[in-house]
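*Asks:* Take a look at this one; I'll ask things after.
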Amino acid sequence: MKNLFKVLIADDRKEYASQNEHIFDEHGFVPEFCDKNGRTVIERIKLFEPDVVLMDAFMSGLDGIGVIKKIRTMRADSSPVFVIVSHFASPIIEREAIEAGAAYYIIKPFSADDLLDRISDIIRFCSSRTKGDISISSVSDNHLECTVTEMLHQIGVPAHIKGYHYIRDSIMMCVRRPQMINAVTKELYPAVAQRYETTPSRVERAIRHAIEVAWDRGDVDVLNSYFGYTIHNGRGKPTNSEFIAMLSDRIRLGETRAAVVPA
């Protein structure tokens with residue numbers, strides 16, 4: 001029997017239910033709706049106890065980031081998975097949302113089917129962490145995850161694509177177990193794939209795509225400070241293993257911020 005997950009949506013019921021009711025059912029989600037008001041969202045979380053909260057970055061009463069911080073203060077051990085929705089791309093807001101505790105940041109318009117697929121991946125990942133079956137999970141992982149997140153935001157890897165999460169997990173694994181970078185195909189990709197219930201080949205492709213996106217939208221000075229040799233010798237972007245290895249090495253050496261030199 002499929003597990004049912006409760007999702008609280010701070011939006012108009014008619015907008016979602018009329019077109020997407022069958023999609024929620026297919027993915028095993030039971031939707032509940034409330035007004036786009038941060039304080040109302042907090043009250044509904046207390047009453048409905050959802051597994052997932054989908055809300056706008058900007059709401060009346062209290063914004064999405066404020067809601068996350070308030071709930072995590074009140075119930076840090078049992079807070080839901082937060083998904084922030086925005087009408088425009090903003091690396092600053094995206095970074096603040098992720099650092100506050102959002103699991104996903106997505107830009108409208110989007111496919112409800114794709115979004116629920118992604119949320120299902122996140123729920124499975126969070127569930128596996130709480131069961132203790134991930135070797136890198138520990139108290140210090142909070143700091144490590146924030147460090148990796150900050151680096152990826154500096155580089156320009158957007159948080160709303162799958163490759164972002166695969167890269168982040170890969171880097172954290174290689175920080176904990178440096179030898180994994182020497183067995184990317186045989187160990188690293190399969191380990192990440194197992195967490196997200198996907199295949200190693202999809203992990204490899206998603207990471208490669210994320211790096212390509214970063215190279216297209218990232219700041220040249222920041223990219224140069226991290227991967228200077230790959231930019232100046234005509235090789236273009238680094239390979240997946242080079243990308244992961246260089247960032248994990250920086251973290252182990254304590255070089256967690258890009259040394260960008262002003263022009």
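Residue names in the structure tokens use chain letters A, B, ... in the order shown, residue numbers from 1 in each chain, and ligand numbers from 1 in the order shown.
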Could you list, as a list in words, every residue within 12 Å of Glu197 (chain A), counting only C-alpha atoms and ignoring same-chain residues fewer than 5 positions away?
*Replies:*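 In the requested format, the answer is Asp117, Arg118, Ser120, Asp121, Ile122, Ile123, Arg124, Phe125, Ser128, Tyr166, Tyr189, Pro190, Ala191, Val192, Arg202 and Val203 of chain A.
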*Asks:* Please return as a ChimeraX atom specification: the residues of region 40-169 of chain A that backbone DSSP assigns to strand (DSSP E or B).
*Replies:* /A:52-56,60,81-86,104-107
*Asks:* Mind dumping the selected residues with N, CA and C atoms as a short mmCIF file (atom, residue, chain, number, x, y, z; two decimals), in the first residue's frame?
*Replies:*
data_model
loop_
_atom_site.label_atom_id
_atom_site.label_comp_id
_atom_site.auth_asym_id
_atom_site.auth_seq_id
_atom_site.Cartn_x
_atom_site.Cartn_y
_atom_site.Cartn_z
N VAL A 52 4.86 17.95 4.30
CA VAL A 52 5.44 18.92 3.37
C VAL A 52 4.64 20.21 3.44
N VAL A 53 5.34 21.35 3.37
CA VAL A 53 4.69 22.65 3.29
C VAL A 53 5.16 23.34 2.02
N LEU A 54 4.21 23.71 1.17
CA LEU A 54 4.49 24.41 -0.08
C LEU A 54 3.95 25.82 0.05
N MET A 55 4.84 26.82 0.02
CA MET A 55 4.40 28.19 0.26
C MET A 55 5.25 29.19 -0.52
N ASP A 56 4.70 30.37 -0.76
CA ASP A 56 5.40 31.42 -1.47
C ASP A 56 6.50 32.03 -0.61
N SER A 60 1.69 37.66 3.11
CA SER A 60 1.31 38.63 4.13
C SER A 60 1.51 38.01 5.51
N VAL A 81 8.97 19.11 5.64
CA VAL A 81 9.82 19.49 4.52
C VAL A 81 9.24 20.76 3.91
N PHE A 82 10.05 21.81 3.82
CA PHE A 82 9.57 23.09 3.30
C PHE A 82 10.00 23.28 1.85
N VAL A 83 9.03 23.69 1.02
CA VAL A 83 9.31 24.03 -0.37
C VAL A 83 8.89 25.48 -0.59
N ILE A 84 9.83 26.30 -1.04
CA ILE A 84 9.57 27.72 -1.27
C ILE A 84 9.30 27.95 -2.75
N VAL A 85 8.22 28.66 -3.04
CA VAL A 85 7.84 28.99 -4.41
C VAL A 85 8.05 30.48 -4.64
N SER A 86 8.61 30.83 -5.80
CA SER A 86 8.83 32.23 -6.12
C SER A 86 8.41 32.51 -7.56
N TYR A 104 13.74 22.87 -0.90
CA TYR A 104 13.60 23.07 -2.33
C TYR A 104 13.11 24.49 -2.59
N TYR A 105 13.61 25.09 -3.67
CA TYR A 105 13.23 26.44 -4.10
C TYR A 105 12.88 26.34 -5.57
N ILE A 106 11.65 26.68 -5.94
CA ILE A 106 11.21 26.49 -7.31
C ILE A 106 10.55 27.76 -7.85
N ILE A 107 10.75 27.99 -9.16
CA ILE A 107 10.22 29.19 -9.80
C ILE A 107 8.94 28.85 -10.55
#
*Asks:* Could you write out, as a PyMOL selection string, all the residues of region 38-193 of chain A that DSSP marks as alpha helix (DSSP H)?
*Replies:* chain A and resi 38-48+64-74+91-100+112-130+141-155+162-176+189-193
*Asks:* When you look at Val175 (chain A) with a cut-off of 8 Å (counting only C-alpha atoms), what residues show up, excluding the ones that are within fewer than 6 positions of it in the same chain? I need them as an MDAnalysis selection string.
*Replies:* chainID A and resid 248:249 251:252
*Asks:* Report, in Å to a single decimal, how far apart CA of Ala245 (chain A) and CA of Pro158 (chain A) are.
*Replies:*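 Separating CA of Pro158 (chain A) from CA of Ala245 (chain A) is a distance of 19.4 Å.
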*Asks:* Using only C-alpha atoms, which residues sit within 12 Å of region 29-37 of chain A once same-chain residues fewer than 2 positions away are excluded, as a ChimeraX atom specification?
*Replies:* /A:2-17,20-27,39-45,47-64,66-67,85,112-113,115-117,119-120,123
*Asks:* What is the CA of Val148 (chain A)-CA of Pro109 (chain A) distance in Å, reported with one decimal?
*Replies:*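 About the pair CA of Val148 (chain A) and CA of Pro109 (chain A): they are 27.9 Å apart.
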*Asks:* Between A:Lys69, A:Lys186, A:Arg95, A:Arg177, which has the minimum distance to Cys146 (chain A) (counting only C-alpha atoms)?
*Replies:*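 Looking at the shortest contact to Cys146 (chain A), the residue is A:Arg95.
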*Asks:* Counting only C-alpha atoms, figure out which residue out of A:Arg72, A:Lys108, A:His87, A:His153 gets nearest to Arg217 (chain A).
*Replies:*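 Of A:Arg72, A:Lys108, A:His87, A:His153, the one nearest Arg217 (chain A), counting only C-alpha atoms, is A:His153.
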*Asks:* Give me, as a count of residues only, all polymer residues having an atom no more than 8 Å from Arg208 (chain A), counting only C-alpha atoms and skipping those fewer than 6 positions away in the same chain.
*Replies:* 3
*Asks:* Please indicate the distance in Å from CA of Ile98 (chain A) to CA of Gly28 (chain A), rounded to one decimal place.
*Replies:*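 Computing the Euclidean distance for CA of Ile98 (chain A) and CA of Gly28 (chain A) yields 25.1 Å.
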*Asks:* Here is a test: counting only C-alpha atoms, which residue of A:Ile92, A:Ala102, A:Val220, A:Ile244 is nearest to Met173 (chain A)?
*Replies:*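 Closest to Met173 (chain A) of all the choices is A:Ile244.
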